[in-house]
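Coordinates as given in query.txt (compact mmCIF, C-alpha atoms):
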# COMPACT_ATOMS: atom_id res chain seq x y z
CA MET A 226 -21.73 57.75 -12.35
CA GLN A 227 -22.14 59.61 -9.12
CA CYS A 228 -24.46 58.07 -6.50
CA ASN A 229 -24.60 59.58 -3.01
CA GLY A 230 -21.24 61.25 -3.58
CA GLN A 231 -19.43 58.07 -4.77
CA ASN A 232 -18.45 56.78 -8.22
CA VAL A 233 -20.27 53.57 -9.10
CA THR A 234 -20.64 51.56 -12.29
CA LYS A 235 -23.91 50.54 -13.88
CA SER A 236 -23.26 46.94 -12.96
CA GLU A 237 -23.12 47.90 -9.29
CA LEU A 238 -26.50 49.62 -9.38
CA LYS A 239 -29.60 47.69 -8.35
CA VAL A 240 -32.74 49.31 -9.74
CA GLU A 241 -36.05 48.35 -8.10
CA CYS A 242 -39.34 49.44 -9.69
CA VAL A 243 -42.35 50.35 -7.52
CA TRP A 244 -45.89 51.36 -8.47
CA CYS A 245 -46.86 55.00 -8.49
CA VAL A 246 -49.55 56.03 -5.97
CA ALA A 247 -53.01 56.72 -7.41
CA GLY A 248 -54.07 60.32 -6.95
CA VAL A 249 -50.55 61.32 -5.90
CA ASN A 250 -48.22 60.62 -8.82
CA TYR A 251 -48.08 58.74 -12.14
CA SER A 252 -45.69 57.40 -14.84
CA ALA A 253 -46.79 57.59 -18.47
CA GLU A 254 -44.03 55.21 -19.72
CA HIS A 255 -42.34 52.03 -18.49
CA THR A 256 -38.88 53.39 -17.65
CA VAL A 257 -36.71 53.75 -14.55
CA SER A 258 -37.60 57.44 -14.34
CA ARG A 259 -39.36 58.78 -11.27
CA CYS A 260 -43.14 59.13 -10.97
CA GLN A 261 -44.52 62.52 -11.93
CA PRO A 262 -46.74 64.29 -9.35
CA CYS A 263 -50.44 64.80 -10.02
CA LEU A 264 -50.51 68.58 -10.29
CA PRO A 265 -53.69 70.33 -9.15
CA GLU A 266 -55.80 71.10 -12.16
CA ARG A 267 -58.62 73.59 -12.05
CA CYS A 268 -61.39 73.91 -14.54
CA ILE A 269 -62.94 77.23 -15.44
CA ASP A 270 -66.23 78.12 -13.83
CA GLY A 271 -69.05 76.25 -15.51
CA GLU A 272 -66.94 73.22 -16.45
CA LYS A 273 -66.64 69.97 -14.56
CA MET A 274 -63.62 67.71 -14.15
CA GLU A 275 -63.82 64.18 -15.53
CA GLY A 276 -61.43 61.26 -14.97
CA LYS A 277 -58.79 60.58 -12.33
CA CYS A 278 -55.04 60.75 -11.87
CA GLU A 279 -54.05 57.05 -12.07
CA PRO A 280 -50.60 55.45 -11.65
CA SER A 281 -50.42 54.86 -15.43
CA GLY A 282 -51.19 58.46 -16.32
CA ASP A 283 -53.10 61.66 -15.45
CA LYS A 284 -56.44 61.16 -17.18
CA ARG A 285 -58.24 64.17 -15.77
CA THR A 286 -59.95 66.50 -18.24
CA CYS A 287 -62.25 69.51 -18.00
CA GLU A 288 -65.56 68.93 -19.76
CA ARG A 289 -68.55 71.14 -20.43
CA CYS A 290 -72.12 70.06 -19.92
CA GLU A 291 -73.48 67.94 -22.78
CA LEU A 292 -76.37 70.33 -23.44
CA GLU A 293 -75.59 73.61 -25.12
CA LYS A 294 -75.92 76.75 -23.02
CA TRP A 295 -75.77 74.79 -19.81
CA TYR A 296 -73.19 75.24 -17.08
CA TYR A 297 -71.91 73.05 -14.24
CA ASN A 298 -72.88 74.29 -10.76
CA ASN A 299 -70.18 73.28 -8.28
CA THR A 300 -72.47 73.89 -5.30
CA GLN A 301 -75.30 71.66 -6.50
CA LYS A 302 -72.92 69.29 -8.41
CA THR A 303 -75.15 69.28 -11.46
CA CYS A 304 -75.65 71.03 -14.82
CA LEU A 305 -78.08 73.96 -14.97
CA PRO A 306 -79.34 76.00 -17.94
CA CYS A 307 -78.06 79.48 -18.73
CA ASP A 308 -81.42 81.29 -18.97
CA CYS A 309 -83.14 84.30 -17.48
CA GLN A 310 -85.28 82.24 -15.15
CA ASN A 311 -83.96 82.54 -11.58
CA VAL A 312 -80.99 84.46 -12.96
CA THR A 313 -78.31 85.59 -10.52
CA VAL A 314 -75.16 87.65 -10.78
CA GLU A 315 -73.01 84.53 -10.35
CA MET A 316 -74.91 82.69 -13.09
CA LYS A 317 -74.44 85.57 -15.54
CA ARG A 318 -70.71 85.65 -14.82
CA ILE A 319 -70.22 81.89 -15.32
CA CYS A 320 -72.35 81.72 -18.48
CA SER A 321 -70.52 84.72 -19.90
CA GLY A 322 -67.21 82.89 -19.38
CA LEU A 323 -68.63 79.98 -21.39
CA GLY A 324 -69.61 82.32 -24.25
CA VAL A 325 -73.31 82.53 -23.37
CA THR A 326 -74.59 86.07 -22.98
CA LEU A 327 -77.85 86.57 -21.09
CA GLN A 328 -79.88 89.58 -22.21
CA CYS A 329 -81.65 90.06 -18.90
CA ASP A 330 -81.00 91.94 -15.68
CA VAL A 331 -80.89 90.46 -12.22
CA PRO A 332 -84.12 91.51 -10.39
CA THR A 333 -83.62 93.33 -7.12
CA ARG A 334 -86.26 91.20 -5.37
CA VAL A 335 -84.36 88.06 -6.28
CA SER A 336 -81.15 89.26 -4.65
CA THR A 337 -83.09 90.30 -1.59
CA ASN A 338 -84.78 86.92 -1.28
CA THR A 339 -81.47 85.14 -1.54
CA THR A 340 -80.45 86.62 1.81
CA SER A 341 -83.65 85.53 3.50
CA SER A 342 -85.15 82.07 3.63
CA PRO A 343 -88.14 80.54 5.43
CA SER A 344 -85.80 78.85 7.88
CA SER A 345 -84.10 82.15 8.77
CA ASP A 346 -87.49 83.83 9.23
CA ALA A 347 -88.59 81.01 11.56
CA THR A 348 -85.36 81.28 13.54
CA ARG A 349 -85.80 85.05 13.85
CA SER A 350 -89.35 84.55 15.10
CA VAL A 351 -88.21 82.03 17.72
CA TRP A 352 -85.52 84.38 19.00
CA LYS A 353 -87.98 87.26 19.11
CA THR A 354 -90.39 85.19 21.21
CA THR A 355 -87.54 84.07 23.50
CA TYR A 356 -86.34 87.63 24.08
CA THR A 357 -89.90 88.73 24.84
CA ILE A 358 -90.34 86.00 27.48
CA ILE A 359 -86.96 86.83 29.03
CA ALA A 360 -87.88 90.51 29.17
CA ILE A 361 -91.21 89.75 30.88
CA ILE A 362 -89.51 87.49 33.45
CA ALA A 363 -86.85 90.16 34.11
CA VAL A 364 -89.51 92.82 34.68
CA CYS A 365 -91.38 90.53 37.10
CA ILE A 366 -88.19 89.76 39.05
CA LEU A 367 -87.24 93.45 39.25
CA SER A 368 -90.74 94.32 40.44
CA LEU A 369 -90.58 91.67 43.18
CA LEU A 370 -87.12 92.86 44.23
CA LEU A 371 -88.34 96.44 44.36
CA LEU A 372 -91.36 95.45 46.46
CA TYR A 373 -89.18 93.33 48.74
CA SER A 374 -86.69 96.18 49.09
CA CYS A 375 -89.48 98.56 50.12
CA CYS A 376 -90.71 96.08 52.73
CA VAL A 377 -87.20 95.58 54.11
CA THR A 378 -86.63 99.35 54.18
CA ARG A 379 -89.80 99.87 56.21
CA ARG A 380 -88.75 97.02 58.50
CA VAL A 381 -85.31 98.57 59.00
CA LYS A 382 -86.78 101.98 59.80
CA LYS A 383 -89.09 100.42 62.37
CA LEU A 384 -86.22 98.50 63.99
CA LYS A 385 -84.08 101.65 64.08
CA HIS A 386 -86.90 103.50 65.79
CA ASP A 387 -87.72 100.74 68.28
CA HIS A 388 -84.14 99.47 68.77
CA PRO A 389 -81.58 102.26 68.18
CA HIS A 390 -78.65 100.05 69.23
CA LEU A 391 -79.20 97.59 66.36
CA SER A 392 -76.95 99.65 64.10
CA VAL A 393 -73.86 98.34 65.91
CA CYS A 394 -74.34 94.94 64.23
CA SER A 395 -74.18 96.46 60.73
CA LYS A 396 -72.24 93.46 59.38
CA GLU A 397 -75.22 91.24 60.19
CA TRP A 398 -77.92 93.81 59.55
CA PHE A 399 -80.28 91.71 57.45
CA CYS A 400 -79.56 88.62 59.53
CA GLN A 401 -80.63 90.53 62.60
CA ILE A 402 -83.83 91.62 60.85
CA PHE A 403 -84.82 88.05 59.99
CA ILE A 404 -83.83 86.67 63.41
CA PHE A 405 -85.90 89.34 65.09
CA LYS A 406 -88.81 88.65 62.76
CA ASN A 407 -88.74 84.89 63.34
CA ALA A 408 -88.33 85.27 67.07
CA THR A 409 -91.34 87.53 67.40
CA ARG A 410 -93.48 85.18 65.35
CA SER A 411 -92.49 81.91 66.98
CA ARG A 412 -92.55 83.02 70.62
CA PRO A 413 -94.89 84.95 72.85
CA PRO A 414 -93.88 88.61 73.40
CA SER A 415 -92.09 87.95 76.70
CA TYR A 416 -91.23 84.29 76.39
CA THR A 417 -88.15 83.16 78.37
CA PRO A 418 -86.78 79.76 79.42
CA ARG A 419 -88.07 80.51 82.92
CA ASP A 420 -91.60 80.85 81.47
CA ALA A 421 -91.25 77.52 79.67
CA HIS A 422 -90.30 75.82 82.94
CA ALA A 423 -93.26 77.42 84.68
CA GLN A 424 -95.63 76.29 81.96
CA ASN A 425 -94.35 72.70 82.04
CA GLY A 426 -94.57 72.52 85.84
CA ASN A 427 -98.02 74.04 86.17
CA ALA A 428 -100.42 71.10 85.85
CA SER A 429 -103.43 73.28 86.58
CA LEU A 430 -103.40 74.80 83.06
CA LYS A 431 -105.59 72.68 80.79
CA GLN A 432 -105.96 72.78 77.03
CA GLY A 433 -109.56 73.94 77.29
CA ASP A 434 -108.62 77.04 79.29
CA SER A 435 -107.43 79.00 76.24
CA GLN A 436 -108.92 82.28 77.46
CA GLU A 437 -107.09 82.00 80.76
CA ASN A 438 -103.83 81.27 78.94
CA ILE A 439 -104.28 84.38 76.81
CA LYS A 440 -104.89 86.50 79.91
CA LEU A 441 -101.80 85.01 81.57
CA LEU A 442 -99.60 85.81 78.55
CA SER A 443 -101.04 89.32 78.45
CA LYS A 444 -100.05 89.86 82.09
CA ILE A 445 -96.55 88.49 81.45
CA THR A 446 -96.18 90.87 78.51
CA GLU A 447 -96.83 93.83 80.77
CA CYS A 448 -94.25 92.72 83.36
CA GLU A 449 -91.57 95.39 83.69
CA GLN A 450 -89.00 92.87 84.89
CA ARG A 451 -89.33 90.71 81.80
CA LYS A 452 -89.30 93.70 79.44
CA LEU A 453 -86.17 95.15 81.02
CA LYS A 454 -83.30 95.13 78.49
CA PHE A 455 -79.66 95.82 79.23
CA PHE A 456 -79.56 99.35 77.83
CA ASP A 457 -82.90 100.19 79.47
CA MET A 458 -81.19 100.11 82.86
CA ASN A 459 -79.74 103.15 84.60
CA SER A 460 -76.91 104.58 82.49
CA GLU A 461 -74.52 104.59 85.46
CA THR A 462 -75.25 100.91 86.13
CA VAL A 463 -74.59 100.13 82.46
CA ARG A 464 -71.30 102.02 82.60
CA LYS A 465 -70.13 100.14 85.72
CA ILE A 466 -70.96 96.74 84.20
CA LEU A 467 -69.18 97.54 80.92
CA GLN A 468 -66.12 98.69 82.86
CA ALA A 469 -66.17 95.67 85.19
CA LEU A 470 -66.25 93.14 82.33
CA LYS A 471 -62.95 94.51 81.00
CA GLN A 472 -61.30 93.24 84.19
CA ASN A 473 -60.40 89.68 85.27
CA ILE A 474 -60.08 88.57 81.65
CA ASP A 475 -57.05 86.39 82.39
CA THR A 476 -58.96 84.50 85.09
CA GLY A 477 -61.83 83.71 82.72
CA MET A 478 -64.27 86.13 84.35
CA GLY A 479 -64.26 88.93 81.75
CA TYR A 480 -66.25 89.75 78.65
CA PRO A 481 -64.69 87.01 76.40
CA THR A 482 -66.05 84.30 78.70
CA LEU A 483 -69.45 85.99 78.92
CA ALA A 484 -69.52 86.23 75.11
CA GLY A 485 -68.98 82.47 74.95
CA LEU A 486 -71.90 81.94 77.35
CA MET A 487 -74.00 84.12 75.05
CA GLY A 488 -73.16 81.87 72.11
CA PHE A 489 -70.64 84.09 70.31
CA SER A 490 -67.53 82.62 68.67
CA ALA A 491 -63.94 83.79 69.14
CA ASN A 492 -63.98 85.45 65.70
CA ARG A 493 -67.17 87.32 66.65
CA VAL A 494 -65.45 88.60 69.81
CA LYS A 495 -62.60 89.93 67.64
CA GLU A 496 -65.14 91.85 65.58
CA PHE A 497 -66.54 93.38 68.76
CA GLU A 498 -63.03 94.57 69.64
CA GLU A 499 -62.39 96.33 66.31
CA ASP A 500 -63.64 99.77 67.39
CA GLY A 501 -62.40 99.51 70.99
CA LYS A 502 -65.86 98.99 72.49
CA PRO A 503 -66.12 95.21 72.82
CA CYS A 504 -68.50 95.10 75.78
CA ARG A 505 -70.99 97.58 74.37
CA ASN A 506 -70.97 95.89 70.96
CA MET A 507 -71.43 92.47 72.55
CA PHE A 508 -74.48 93.56 74.58
CA GLU A 509 -76.06 95.40 71.66
CA CYS A 510 -75.77 92.39 69.36
CA TRP A 511 -76.91 89.93 72.03
CA SER A 512 -79.94 92.05 72.91
CA ASN A 513 -80.98 92.30 69.25
CA LEU A 514 -80.52 88.60 68.45
CA ASP A 515 -83.70 87.89 70.43
CA THR A 516 -85.48 91.02 71.57
CA THR A 517 -87.79 89.09 73.90
CA ALA A 518 -85.71 86.37 75.56
CA ASN A 519 -82.35 88.20 75.81
CA ASN A 520 -83.31 90.44 78.73
CA VAL A 521 -81.76 91.32 82.08
CA LEU A 522 -83.29 88.24 83.74
CA LYS A 523 -81.44 85.97 81.32
CA LEU A 524 -78.27 88.03 81.69
CA LYS A 525 -78.48 87.52 85.45
CA ASP A 526 -78.36 83.74 84.97
CA LEU A 527 -75.32 84.06 82.70
CA VAL A 528 -73.52 86.29 85.22
CA VAL A 529 -74.14 83.64 87.91
CA LYS A 530 -72.25 81.17 85.71
CA LEU A 531 -69.52 83.79 85.24
CA LYS A 532 -69.21 84.03 89.07
CA ARG A 533 -69.12 87.84 89.08
CA ASP A 534 -70.97 88.80 92.25
CA ASP A 535 -70.22 92.51 91.74
CA ILE A 536 -72.05 92.56 88.40
CA LEU A 537 -74.77 90.30 89.79
CA GLU A 538 -75.61 92.77 92.57
CA LEU A 539 -75.94 95.61 90.02
CA LEU A 540 -78.37 93.54 87.93
CA LYS A 541 -80.40 92.49 90.97
CA SER A 542 -80.72 96.11 92.01
CA GLU A 543 -82.15 97.08 88.62
CA LEU A 544 -84.54 94.12 88.64
CA GLU A 545 -85.81 95.10 92.10
CA LYS A 546 -86.46 98.63 90.83
CA ALA A 547 -88.39 97.19 87.89
CA LYS A 548 -90.47 95.08 90.30
CA GLU A 549 -91.32 98.16 92.36
CA ARG A 550 -92.51 99.94 89.21
CA CYS A 551 -94.49 96.95 87.92
CA HIS A 552 -96.38 95.49 90.95
CA CYS A 553 -97.59 92.55 88.84
CA PRO A 554 -97.86 88.95 90.21
CA ASN A 555 -95.40 87.71 87.61
CA CYS A 556 -92.45 89.67 88.97
CA LEU A 557 -89.78 87.54 90.63
CA ASP A 558 -88.34 88.14 94.06
CA ILE A 559 -84.72 88.33 92.99
CA ARG A 560 -83.25 88.29 96.52
CA VAL A 561 -85.15 85.13 97.55
CA ASN A 562 -84.25 83.31 94.33
CA GLN A 563 -80.62 84.18 94.74
CA VAL A 564 -80.51 82.77 98.27
CA SER A 565 -82.01 79.47 97.14
CA LEU A 566 -79.56 79.40 94.26
CA ASN A 567 -76.59 79.87 96.57
CA GLN A 568 -77.86 77.12 98.86
CA GLY A 569 -78.10 74.74 95.91
CA GLN A 570 -74.53 75.53 94.92
CA ASN A 571 -73.32 74.82 98.47
CA HIS A 572 -74.99 71.38 98.42
CA CYS A 573 -73.21 70.61 95.10
So that I can check it, write out the structure of this file as structure tokens.
Amino acid sequence: MQCNGQNVTKSELKVECVWCVAGVNYSAEHTVSRCQPCLPERCIDGEKMEGKCEPSGDKRTCERCELEKWYYNNTQKTCLPCDCQNVTVEMKRICSGLGVTLQCDVPTRVSTNTTSSPSSDATRSVWKTTYTIIAIIAVCILSLLLLYSCCVTRRVKKLKHDHPHLSVCSKEWFCQIFIFKNATRSRPPSYTPRDAHAQNGNASLKQGDSQENIKLLSKITECEQRKLKFFDMNSETVRKILQALKQNIDTGMGYPTLAGLMGFSANRVKEFEEDGKPCRNMFECWSNLDTTANNVLKLKDLVVKLKRDDILELLKSELEKAKERCHCPNCLDIRVNQVSLNQGQNHC
């Protein structure tokens, strides 16, 4: 006898019997033969399977329903009658396979109702309501955006008309709009740090003198010196200052240092240099960041820190001209202030 490629005798064989596995295989007789597999057995439609495949034998059988003209419904796991009540195409097919012929047609309304149920109708209604709400919210949002866009457009047109140089800062266009808006709301029209110092040091102004305060602010608003912006100066003076700031950069007295005093970062300075007009771009953006406080008076104080006497004299000349045009008591005597400032620096 051959076993694994070798000749062996029956006396050398050791046979060990094991139980077959229920539901997997079976052995119908007590021999040394192998277990037979439980083959898949299918019943015809309308019949149900009874019994199990046990280790001692496959005892599965296909049985019909006990009642005549009934069929087994695999979906509902129960026997149902073959009649014309609630008849369907599937029922007629199964009953016909069992030898039961139904002499009735499947109603059209029945087949239509089978595709629609109360739960599906409720779900459809919920989705319809949801889509309606979403559509209403979307229309409201679009309307608000359209209204907001119109307001911003009008604001932009006004800024372009009043401040033609604002277009240079196109990368921060909307930021400039909001900064300008907030600045004009939170500060008086010609508010500067110098005004704040004057208000804190003037003890004669009392809270009850509101009318006098309003008159004082009105006079300050009309001051030509305080309204003077960089590009409102003489064009030749502007050209000389722009040209002068391109010099002495290595010694820390050029436009990069002034940009730092204005609060601009190194990356912002690089953006100013992109079109080859760094000084003009810097002044345009700085002037538009705060259209009230960033005036020539404030620029004069920054130039003092920059230690550029040549630019300082040009600014002082323009401020003196503005004082001659204004003749208001709020104008500053630039020459006198500069002398006192120099004396203070000498003492330091």
Who sits within 6 Å of range 295-309 of chain A, all atoms listed in the file, same chain under 5 positions skipped, as a PDB file with C-alpha atoms, in the coordinates of the input:
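Generated output (result_3.pdb):
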ATOM      1  CA  GLY A 271     -69.050  76.250 -15.510  1.00  0.00           C
ATOM      2  CA  GLU A 272     -66.940  73.220 -16.450  1.00  0.00           C
ATOM      3  CA  CYS A 290     -72.120  70.060 -19.920  1.00  0.00           C
TER       4      CYS A 290
END
7 Å contact set for range 244-254 of chain A, all atoms listed in the file, chain neighbours under 6 positions out, as number ranges by chain | A: 260-263, 278-283
Contacts of range 461-471 of chain A at 12 Å (only C-alpha atoms; same-chain gap of 3+ positions) as a PyMOL selection string = chain A and resi 454-458+474-484+498+501-509+521+524-525+528+531-544
Dump as a JSON list (two decimals), in the coordinates of the input, selection limited to C-alpha atoms:
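The result, stored in result_0.json:
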[["chain", "number", "residue", "atom", "x", "y", "z"],
["A", 454, "LYS", "CA", -83.30, 95.13, 78.49],
["A", 455, "PHE", "CA", -79.66, 95.82, 79.23],
["A", 456, "PHE", "CA", -79.56, 99.35, 77.83],
["A", 457, "ASP", "CA", -82.90, 100.19, 79.47],
["A", 458, "MET", "CA", -81.19, 100.11, 82.86],
["A", 474, "ILE", "CA", -60.08, 88.57, 81.65],
["A", 475, "ASP", "CA", -57.05, 86.39, 82.39],
["A", 476, "THR", "CA", -58.96, 84.50, 85.09],
["A", 477, "GLY", "CA", -61.83, 83.71, 82.72],
["A", 478, "MET", "CA", -64.27, 86.13, 84.35],
["A", 479, "GLY", "CA", -64.26, 88.93, 81.75],
["A", 480, "TYR", "CA", -66.25, 89.75, 78.65],
["A", 481, "PRO", "CA", -64.69, 87.01, 76.40],
["A", 482, "THR", "CA", -66.05, 84.30, 78.70],
["A", 483, "LEU", "CA", -69.45, 85.99, 78.92],
["A", 484, "ALA", "CA", -69.52, 86.23, 75.11],
["A", 498, "GLU", "CA", -63.03, 94.57, 69.64],
["A", 501, "GLY", "CA", -62.40, 99.51, 70.99],
["A", 502, "LYS", "CA", -65.86, 98.99, 72.49],
["A", 503, "PRO", "CA", -66.12, 95.21, 72.82],
["A", 504, "CYS", "CA", -68.50, 95.10, 75.78],
["A", 505, "ARG", "CA", -70.99, 97.58, 74.37],
["A", 506, "ASN", "CA", -70.97, 95.89, 70.96],
["A", 507, "MET", "CA", -71.43, 92.47, 72.55],
["A", 508, "PHE", "CA", -74.48, 93.56, 74.58],
["A", 509, "GLU", "CA", -76.06, 95.40, 71.66],
["A", 521, "VAL", "CA", -81.76, 91.32, 82.08],
["A", 524, "LEU", "CA", -78.27, 88.03, 81.69],
["A", 525, "LYS", "CA", -78.48, 87.52, 85.45],
["A", 528, "VAL", "CA", -73.52, 86.29, 85.22],
["A", 531, "LEU", "CA", -69.52, 83.79, 85.24],
["A", 532, "LYS", "CA", -69.21, 84.03, 89.07],
["A", 533, "ARG", "CA", -69.12, 87.84, 89.08],
["A", 534, "ASP", "CA", -70.97, 88.80, 92.25],
["A", 535, "ASP", "CA", -70.22, 92.51, 91.74],
["A", 536, "ILE", "CA", -72.05, 92.56, 88.40],
["A", 537, "LEU", "CA", -74.77, 90.30, 89.79],
["A", 538, "GLU", "CA", -75.61, 92.77, 92.57],
["A", 539, "LEU", "CA", -75.94, 95.61, 90.02],
["A", 540, "LEU", "CA", -78.37, 93.54, 87.93],
["A", 541, "LYS", "CA", -80.40, 92.49, 90.97],
["A", 542, "SER", "CA", -80.72, 96.11, 92.01],
["A", 543, "GLU", "CA", -82.15, 97.08, 88.62],
["A", 544, "LEU", "CA", -84.54, 94.12, 88.64]]
Could you work out how far CA of Tyr356 in chain A lies from CA of Leu370 in chain A, giving the answer in Å with one decimal?
-> 20.8 Å
Closest to Thr516 in chain A among A:Arg451, A:Lys353, A:Val243, A:Glu499, using all atoms listed in the file?
-> A:Arg451
What's the 10 Å shell around Cys268 in chain A, counting only C-alpha atoms, without same-chain residues fewer than 6 positions away, as a list in words?
-> Met274, Thr286, Cys287, Glu288 and Arg289 of chain A
By how many Å are CA of Gln450 in chain A and CA of Glu549 in chain A apart?
->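 Interatomic distance here is 9.4 Å.
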Work out how far apart CA of Cys553 in chain A and CA of Asn519 in chain A are and give it in Å to one decimal.
->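 That distance, rounded to one decimal, is 20.5 Å.
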Name the residues in contact with Cys329 in chain A at a cut-off of 12 Å, using only C-alpha atoms, excluding same-chain residues fewer than 6 positions from it; report them as an NGL selection string.
-> :A and (307-314 or 316-317)
Which of A:Cys556, A:Leu522, A:Leu323, A:Ile359 sits closest to Lys294 in chain A [using all atoms listed in the file] = A:Leu323
